[in-house]
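K.L.:
For reference, the file final_12.tsv (TSV, C-alpha atoms and all ligand atoms) is included below:
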chain	number	residue	atom	x	y	z
A	623	MET	CA	116.34	105.06	116.52
A	624	ARG	CA	119.32	103.61	118.39
A	625	ARG	CA	118.82	100.20	119.95
A	626	ALA	CA	120.05	100.08	123.54
A	627	ILE	CA	122.84	97.64	124.27
A	628	ILE	CA	123.74	96.16	127.64
A	629	ALA	CA	127.14	94.49	127.81
A	630	GLY	CA	128.61	92.57	130.72
A	631	ASN	CA	132.36	93.01	131.15
A	632	TRP	CA	133.33	90.07	133.30
A	633	LYS	CA	136.94	91.29	133.62
A	634	MET	CA	139.27	88.58	135.03
A	635	ASN	CA	136.51	86.46	136.55
A	636	LYS	CA	135.13	82.95	135.89
A	637	THR	CA	136.71	79.77	134.58
A	638	PRO	CA	135.25	78.16	131.43
A	639	SER	CA	132.91	75.90	133.39
A	640	GLU	CA	131.82	78.78	135.63
A	641	ALA	CA	131.21	80.88	132.53
A	642	LYS	CA	128.91	78.22	131.08
A	643	SER	CA	126.99	78.03	134.31
A	644	LEU	CA	126.56	81.81	134.60
A	645	ILE	CA	125.35	82.08	131.00
A	646	ASP	CA	122.94	79.20	131.56
A	647	HIS	CA	121.45	81.19	134.42
A	648	ILE	CA	121.31	84.47	132.48
A	649	LYS	CA	119.78	83.03	129.29
A	650	PRO	CA	116.16	82.47	130.36
A	651	LEU	CA	116.12	85.68	132.38
A	652	VAL	CA	116.88	87.89	129.38
A	653	ALA	CA	115.14	85.87	126.65
A	654	ASP	CA	112.47	88.55	126.18
A	655	ALA	CA	114.88	91.51	126.31
A	656	ASN	CA	114.00	94.45	124.08
A	657	CYS	CA	117.62	95.59	123.90
A	658	GLU	CA	120.79	93.98	122.64
A	659	VAL	CA	122.58	91.80	125.21
A	660	VAL	CA	126.30	90.99	125.15
A	661	VAL	CA	128.57	89.09	127.55
A	662	CYS	CA	132.35	89.57	127.50
A	663	PRO	CA	134.05	86.71	129.39
A	664	PRO	CA	137.83	86.20	129.55
A	665	PHE	CA	139.51	84.85	126.38
A	666	VAL	CA	139.80	81.26	127.60
A	667	CYS	CA	136.06	81.14	128.34
A	668	LEU	CA	134.97	82.30	124.89
A	669	PRO	CA	134.68	78.85	123.20
A	670	ALA	CA	132.75	77.41	126.14
A	671	ALA	CA	130.55	80.50	126.30
A	672	LYS	CA	129.80	80.24	122.58
A	673	THR	CA	128.49	76.70	122.97
A	674	VAL	CA	125.90	77.74	125.57
A	675	LEU	CA	124.95	80.94	123.72
A	676	GLU	CA	123.79	79.07	120.61
A	677	ASN	CA	120.10	79.72	119.94
A	678	SER	CA	119.91	82.56	122.42
A	679	ASN	CA	119.58	86.33	122.04
A	680	ILE	CA	122.87	86.91	123.87
A	681	LYS	CA	125.91	87.87	121.82
A	682	LEU	CA	129.54	87.25	122.56
A	683	GLY	CA	132.20	89.91	123.15
A	684	ALA	CA	135.90	89.87	124.07
A	685	GLN	CA	137.66	92.24	126.45
A	686	ASN	CA	140.67	93.13	124.31
A	687	MET	CA	142.56	92.19	121.15
A	688	HIS	CA	145.84	92.96	119.36
A	689	TRP	CA	145.75	95.02	116.18
A	690	GLU	CA	147.96	92.66	114.16
A	691	GLU	CA	146.47	89.50	112.65
A	692	SER	CA	149.31	87.25	113.82
A	693	GLY	CA	153.00	87.34	114.68
A	694	ALA	CA	155.54	87.45	117.50
A	695	TYR	CA	153.36	89.07	120.20
A	696	THR	CA	153.56	86.63	123.09
A	697	GLY	CA	150.40	86.47	125.14
A	698	GLU	CA	148.24	88.40	122.67
A	699	VAL	CA	145.07	87.44	120.79
A	700	SER	CA	144.05	88.74	117.36
A	701	ALA	CA	140.81	89.64	115.61
A	702	PRO	CA	140.75	86.59	113.28
A	703	MET	CA	141.12	84.30	116.33
A	704	LEU	CA	138.14	85.96	118.02
A	705	LYS	CA	136.12	85.97	114.84
A	706	GLU	CA	136.55	82.23	114.32
A	707	ILE	CA	135.14	81.52	117.78
A	708	GLY	CA	132.04	83.57	116.99
A	709	VAL	CA	132.88	86.76	118.85
A	710	GLU	CA	130.99	89.80	117.53
A	711	TYR	CA	132.05	92.61	119.88
A	712	VAL	CA	135.34	93.60	121.44
A	713	ILE	CA	135.97	96.05	124.27
A	714	ILE	CA	138.85	98.36	123.35
A	715	GLY	CA	140.77	100.73	125.60
A	716	HIS	CA	139.12	99.90	128.91
A	717	SER	CA	140.58	102.17	131.59
A	718	GLU	CA	142.06	99.13	133.37
A	719	ARG	CA	144.01	98.34	130.22
A	720	ARG	CA	145.09	101.95	129.87
A	721	GLN	CA	146.11	102.07	133.55
A	722	TYR	CA	147.77	98.66	134.06
A	723	PHE	CA	148.82	97.63	130.55
A	724	ALA	CA	150.02	100.87	129.00
A	725	GLU	CA	147.21	101.12	126.48
A	726	THR	CA	147.26	104.52	124.75
A	727	ASP	CA	144.94	106.42	122.42
A	728	ASP	CA	147.30	105.36	119.64
A	729	THR	CA	146.99	101.61	120.38
A	730	VAL	CA	143.26	102.08	120.89
A	731	ASN	CA	143.02	103.58	117.42
A	732	LYS	CA	144.99	100.72	115.83
A	733	LYS	CA	142.77	98.18	117.55
A	734	VAL	CA	139.56	99.94	116.52
A	735	ILE	CA	140.64	100.02	112.88
A	736	SER	CA	141.69	96.36	113.01
A	737	ALA	CA	138.43	95.32	114.70
A	738	PHE	CA	136.34	96.94	111.98
A	739	SER	CA	138.46	95.48	109.22
A	740	HIS	CA	137.67	92.01	110.64
A	741	GLU	CA	134.00	92.78	111.11
A	742	LEU	CA	134.12	92.94	114.87
A	743	ILE	CA	132.26	95.78	116.56
A	744	PRO	CA	134.48	97.71	118.96
A	745	ILE	CA	133.15	99.02	122.26
A	746	VAL	CA	135.58	101.89	122.79
A	747	CYS	CA	135.99	103.03	126.38
A	748	VAL	CA	136.76	106.61	127.39
A	749	GLY	CA	136.57	108.45	130.71
A	750	GLU	CA	138.35	110.74	133.11
A	751	THR	CA	140.05	110.14	136.46
A	752	LEU	CA	138.75	111.73	139.65
A	753	GLU	CA	141.67	114.13	139.64
A	754	GLN	CA	140.88	115.22	136.10
A	755	ARG	CA	137.20	115.67	136.91
A	756	GLU	CA	137.95	117.76	139.98
A	757	ALA	CA	140.33	119.90	137.95
A	758	GLY	CA	137.53	120.58	135.45
A	759	LYS	CA	139.29	118.65	132.70
A	760	THR	CA	136.65	116.02	131.91
A	761	GLU	CA	135.71	117.48	128.54
A	762	ASN	CA	139.30	117.98	127.39
A	763	VAL	CA	140.31	114.44	128.39
A	764	VAL	CA	137.32	112.80	126.77
A	765	LYS	CA	137.64	114.93	123.61
A	766	MET	CA	141.26	113.86	123.19
A	767	GLN	CA	140.43	110.18	123.77
A	768	VAL	CA	137.58	110.28	121.25
A	769	GLU	CA	139.44	112.24	118.58
A	770	LYS	CA	142.58	110.14	118.76
A	771	GLY	CA	140.95	106.78	119.42
A	772	LEU	CA	138.39	107.15	116.63
A	773	SER	CA	140.45	108.80	113.93
A	774	GLY	CA	140.58	107.51	110.37
A	775	LEU	CA	137.33	105.53	110.35
A	776	LYS	CA	134.98	105.14	107.41
A	777	VAL	CA	131.47	106.55	107.82
A	778	ASP	CA	130.05	103.07	107.47
A	779	GLU	CA	132.20	101.91	110.38
A	780	VAL	CA	131.23	104.86	112.56
A	781	ARG	CA	127.61	103.81	112.10
A	782	ARG	CA	128.33	100.46	113.82
A	783	LEU	CA	130.62	101.86	116.50
A	784	ILE	CA	129.86	101.63	120.22
A	785	VAL	CA	131.43	103.99	122.72
A	786	ALA	CA	131.33	103.47	126.49
A	787	TYR	CA	131.73	106.51	128.72
A	788	GLU	CA	133.22	105.12	131.91
A	789	PRO	CA	134.43	107.74	134.39
A	790	ILE	CA	137.29	105.98	136.16
A	791	TRP	CA	136.21	107.18	139.61
A	792	ALA	CA	132.89	105.40	139.12
A	793	ILE	CA	134.33	101.99	138.20
A	794	GLY	CA	134.04	99.39	140.94
A	795	THR	CA	133.54	102.08	143.57
A	796	GLY	CA	129.80	101.88	144.09
A	797	ARG	CA	129.73	105.58	143.24
A	798	ASN	CA	128.02	105.95	139.87
A	799	ALA	CA	127.91	109.22	137.94
A	800	THR	CA	124.55	110.91	138.38
A	801	PRO	CA	122.31	110.15	135.41
A	802	SER	CA	122.37	113.80	134.37
A	803	ASP	CA	126.17	114.08	134.62
A	804	ALA	CA	126.57	110.89	132.58
A	805	ASN	CA	124.04	112.12	130.03
A	806	TYR	CA	125.86	115.45	129.74
A	807	VAL	CA	129.23	113.84	128.91
A	808	ILE	CA	127.62	111.31	126.57
A	809	LYS	CA	125.92	114.12	124.63
A	810	PHE	CA	129.28	115.90	124.54
A	811	ILE	CA	130.90	112.75	123.09
A	812	ARG	CA	128.24	112.56	120.38
A	813	ASP	CA	128.88	116.21	119.50
A	814	ILE	CA	132.59	115.44	119.07
A	815	ILE	CA	131.79	112.50	116.79
A	816	THR	CA	129.47	114.78	114.82
A	817	GLY	CA	132.38	117.19	114.42
A	818	LEU	CA	134.55	114.35	113.13
A	819	TYR	CA	132.11	112.44	110.96
A	820	GLY	CA	128.87	114.43	110.61
A	821	ASN	CA	125.32	113.22	111.12
A	822	VAL	CA	126.24	109.54	111.23
A	823	ALA	CA	127.10	110.30	114.88
A	824	ASP	CA	123.37	110.09	115.59
A	825	GLU	CA	123.59	106.36	114.91
A	826	VAL	CA	126.51	105.68	117.26
A	827	ARG	CA	125.46	103.96	120.44
A	828	ILE	CA	127.06	105.44	123.55
A	829	GLN	CA	126.84	103.48	126.78
A	830	TYR	CA	127.47	104.54	130.35
A	831	GLY	CA	129.64	102.35	132.60
A	832	GLY	CA	130.68	102.63	136.23
A	833	SER	CA	128.86	101.06	139.18
A	834	VAL	CA	125.70	100.32	137.21
A	835	ASN	CA	123.58	97.94	139.27
A	836	ALA	CA	120.09	96.52	139.55
A	837	GLN	CA	119.00	99.49	141.67
A	838	ASN	CA	120.27	102.43	139.62
A	839	ALA	CA	120.02	101.04	136.05
A	840	ALA	CA	116.49	102.20	135.25
A	841	GLU	CA	117.21	105.80	136.15
A	842	ILE	CA	120.47	105.85	134.16
A	843	LEU	CA	119.00	104.10	131.12
A	844	ALA	CA	116.03	106.47	131.05
A	845	MET	CA	118.30	109.37	130.06
A	846	PRO	CA	117.76	110.45	126.44
A	847	ASP	CA	121.39	110.25	125.28
A	848	ILE	CA	122.41	107.07	127.12
A	849	ASP	CA	122.08	104.05	124.83
A	850	GLY	CA	122.88	101.27	127.26
A	851	ALA	CA	125.40	100.21	129.85
A	852	LEU	CA	128.74	98.48	130.15
A	853	VAL	CA	128.39	96.59	133.39
A	854	GLY	CA	131.23	95.18	135.50
A	855	GLY	CA	130.55	93.66	138.92
A	856	ALA	CA	126.78	93.36	138.52
A	857	SER	CA	127.20	91.37	135.29
A	858	LEU	CA	128.59	88.46	137.33
A	859	LYS	CA	125.25	87.95	139.06
A	860	ALA	CA	122.63	86.51	136.72
A	861	GLN	CA	119.67	88.07	138.49
A	862	ASP	CA	121.24	91.54	138.75
A	863	PHE	CA	122.41	91.50	135.14
A	864	ALA	CA	118.96	90.44	134.00
A	865	THR	CA	117.35	93.24	136.02
A	866	ILE	CA	119.64	95.75	134.30
A	867	VAL	CA	118.77	94.29	130.89
A	868	ARG	CA	115.07	94.49	131.71
A	869	SER	CA	115.46	98.15	132.73
A	870	CYS	CA	116.00	99.09	129.08
B	901	LIG	P1	131.67	98.20	137.58
B	901	LIG	O1	130.30	98.04	137.00
B	901	LIG	O2	132.11	97.04	138.43
B	901	LIG	O3	131.83	99.53	138.25
B	901	LIG	O4	132.69	98.19	136.34
B	901	LIG	C1	132.42	99.00	135.27
B	901	LIG	C2	133.32	98.64	134.16
B	901	LIG	O5	134.52	98.83	134.25
B	901	LIG	C3	132.73	97.99	132.99
B	901	LIG	O6	133.64	97.93	131.94
Output the file's structure in the form of structure tokens.
Ligand code: 13P

P.N.:
Amino acid sequence: MRRAIIAGNWKMNKTPSEAKSLIDHIKPLVADANCEVVVCPPFVCLPAAKTVLENSNIKLGAQNMHWEESGAYTGEVSAPMLKEIGVEYVIIGHSERRQYFAETDDTVNKKVISAFSHELIPIVCVGETLEQREAGKTENVVKMQVEKGLSGLKVDEVRRLIVAYEPIWAIGTGRNATPSDANYVIKFIRDIITGLYGNVADEVRIQYGGSVNAQNAAEILAMPDIDGALVGGASLKAQDFATIVRSC
């Protein structure tokens, strides 16, 4: 039985003090959650966030990392740095990073391997553009992203893996994928992972992301193959995020 996981991707929002305040608001609202809850604030907020997350059921995630442990990579942050702060999850290959920061399936793969080797759990994002969807290419695009991004893993790592299916046209647009469309692609992703790694694919948690909000979460999360959500905008509002968590 896969345990649902709701993660808030705060993107480039909140200062450290604002992060503390938002988490303070979220904490009591999700204390009785029956799913896993993760918040992913910006790097500079992670130490402050960790202090307010102590003794709560909320876990800490980062939004990116470099695959090397250290070195001449100005502006980058590595897995050991995140680990020392108490980060447990790391979003890898978000479409905004692919689009604006030249992230490729190859760099995604290096990051995923590095994350696992430092005992961080990667949340690997895949998804098609509107143009690709309209051209009937969704499956091809997602298959390529999954096969390349997740190659060379050990079965024991696959077991802990989290994938987020985030169709790019649904991100920040208020236009979510229909629950059945999202479920269809998520099942397709699991079938690809089964092809790569066998039955351990049944243990991989696959989230949906893209305009998930307090109104549509219950319907999306009720789908049999959807194991949670990666939430952007709505994760910045304590009450909305808590409603999504409680929809599990
Ligand atoms: P929105 O929920 O704002 O559409 O963002 C989704 C997303 O990109 C989460 O990673």

K.L.:
Taking into account all atoms listed in the file, which residue in the set A:Lys636, A:Arg719, A:Arg827, A:His647 is nearest to ligand LIG 901 (chain B)?

P.N.:
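Of A:Lys636, A:Arg719, A:Arg827, A:His647, the one nearest ligand LIG 901 (chain B) is A:Arg719, counting all atoms listed in the file.
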
K.L.:
Could you give me, as number ranges by chain, every polymer residue with an atom at most 9 Å away from an atom of ligand LIG 901 (chain B), counting only C-alpha atoms and all ligand atoms?

P.N.:
A: 629-633, 685, 713, 716-718, 747, 786, 788-798, 830-835, 851-857

K.L.:
Rank nothing, just name the residue among A:Gln721, A:Asn805, A:Gln837, A:Ser773 nearest to A:Phe863, using all atoms listed in the file.

P.N.:
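Looking only at the distances to A:Phe863, the closest residue turns out to be A:Gln837.
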
K.L.:
Around the point (140.0, 92.1, 110.2) (coordinates from the file), which residues reach within 9 Å if we count all atoms listed in the file? Answer as a PyMOL selection string.

P.N.:
chain A and resi 689-691+700-702+705+735-742

K.L.:
One decimal, in Å: what's the spacing between atom CA of A:His688 and atom CA of A:Lys672?

P.N.:
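Separating atom CA of A:His688 from atom CA of A:Lys672 is a distance of 20.7 Å.
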
K.L.:
Can you tell me, as a ChimeraX atom specification, what residues are no more than 12 Å from A:Val659 when counting only C-alpha atoms, ignoring any on the same chain fewer than 4 positions away?

P.N.:
/A:625-631,645,648-649,651-655,675,678-683,710-711,850-853,857,863-864,866-868,870

K.L.:
Go ahead and write the residues just picked, C-alpha atoms, as a PDB file, in the coordinates of the input.

P.N.:
ATOM      1  CA  ARG A 625     118.820 100.200 119.950  1.00  0.00           C
ATOM      2  CA  ALA A 626     120.050 100.080 123.540  1.00  0.00           C
ATOM      3  CA  ILE A 627     122.840  97.640 124.270  1.00  0.00           C
ATOM      4  CA  ILE A 628     123.740  96.160 127.640  1.00  0.00           C
ATOM      5  CA  ALA A 629     127.140  94.490 127.810  1.00  0.00           C
ATOM      6  CA  GLY A 630     128.610  92.570 130.720  1.00  0.00           C
ATOM      7  CA  ASN A 631     132.360  93.010 131.150  1.00  0.00           C
ATOM      8  CA  ILE A 645     125.350  82.080 131.000  1.00  0.00           C
ATOM      9  CA  ILE A 648     121.310  84.470 132.480  1.00  0.00           C
ATOM     10  CA  LYS A 649     119.780  83.030 129.290  1.00  0.00           C
ATOM     11  CA  LEU A 651     116.120  85.680 132.380  1.00  0.00           C
ATOM     12  CA  VAL A 652     116.880  87.890 129.380  1.00  0.00           C
ATOM     13  CA  ALA A 653     115.140  85.870 126.650  1.00  0.00           C
ATOM     14  CA  ASP A 654     112.470  88.550 126.180  1.00  0.00           C
ATOM     15  CA  ALA A 655     114.880  91.510 126.310  1.00  0.00           C
ATOM     16  CA  LEU A 675     124.950  80.940 123.720  1.00  0.00           C
ATOM     17  CA  SER A 678     119.910  82.560 122.420  1.00  0.00           C
ATOM     18  CA  ASN A 679     119.580  86.330 122.040  1.00  0.00           C
ATOM     19  CA  ILE A 680     122.870  86.910 123.870  1.00  0.00           C
ATOM     20  CA  LYS A 681     125.910  87.870 121.820  1.00  0.00           C
ATOM     21  CA  LEU A 682     129.540  87.250 122.560  1.00  0.00           C
ATOM     22  CA  GLY A 683     132.200  89.910 123.150  1.00  0.00           C
ATOM     23  CA  GLU A 710     130.990  89.800 117.530  1.00  0.00           C
ATOM     24  CA  TYR A 711     132.050  92.610 119.880  1.00  0.00           C
ATOM     25  CA  GLY A 850     122.880 101.270 127.260  1.00  0.00           C
ATOM     26  CA  ALA A 851     125.400 100.210 129.850  1.00  0.00           C
ATOM     27  CA  LEU A 852     128.740  98.480 130.150  1.00  0.00           C
ATOM     28  CA  VAL A 853     128.390  96.590 133.390  1.00  0.00           C
ATOM     29  CA  SER A 857     127.200  91.370 135.290  1.00  0.00           C
ATOM     30  CA  PHE A 863     122.410  91.500 135.140  1.00  0.00           C
ATOM     31  CA  ALA A 864     118.960  90.440 134.000  1.00  0.00           C
ATOM     32  CA  ILE A 866     119.640  95.750 134.300  1.00  0.00           C
ATOM     33  CA  VAL A 867     118.770  94.290 130.890  1.00  0.00           C
ATOM     34  CA  ARG A 868     115.070  94.490 131.710  1.00  0.00           C
ATOM     35  CA  CYS A 870     116.000  99.090 129.080  1.00  0.00           C
TER      36      CYS A 870
END

K.L.:
Determine the axis-aligned bounding box of all atoms of stretch 806-812 of chain A present in the file, pad each side by 3 Å, and express its centre and edge lengths in Å to one decimal place as JSON.

P.N.:
{"center_x": 128.4, "center_y": 113.6, "center_z": 125.1, "size_x": 11.0, "size_y": 10.6, "size_z": 15.4}

K.L.:
Rank nothing, just name the residue among A:Lys859, A:Arg720, A:Arg624, A:Lys642 nearest to A:Thr751, using only C-alpha atoms.

P.N.:
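Under the stated criterion, the closest residue is A:Arg720.
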
K.L.:
Tell me, as a PyMOL selection string, which residues lie within 10 Å of stretch 766-770 of chain A, counting only C-alpha atoms; anything in the same chain fewer than 3 positions away does not count.

P.N.:
chain A and resi 715+726-731+746-750+761-763+773-774+785+811-812+814-815+817-818

K.L.:
Atom CA of A:Ile784 to atom CA of A:Glu825: how many Å, to one decimal?

P.N.:
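These two atoms are separated by 9.5 Å.
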
K.L.:
Atom CA of A:Val661 and atom CA of A:Thr696, how far apart in Å?

P.N.:
25.5 Å

K.L.:
So, counting only C-alpha atoms, which residue among A:Val734, A:Ala799, A:Val826, A:Met687 is closest to A:Gly771?

P.N.:
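Result for the nearest residue to A:Gly771: A:Val734.
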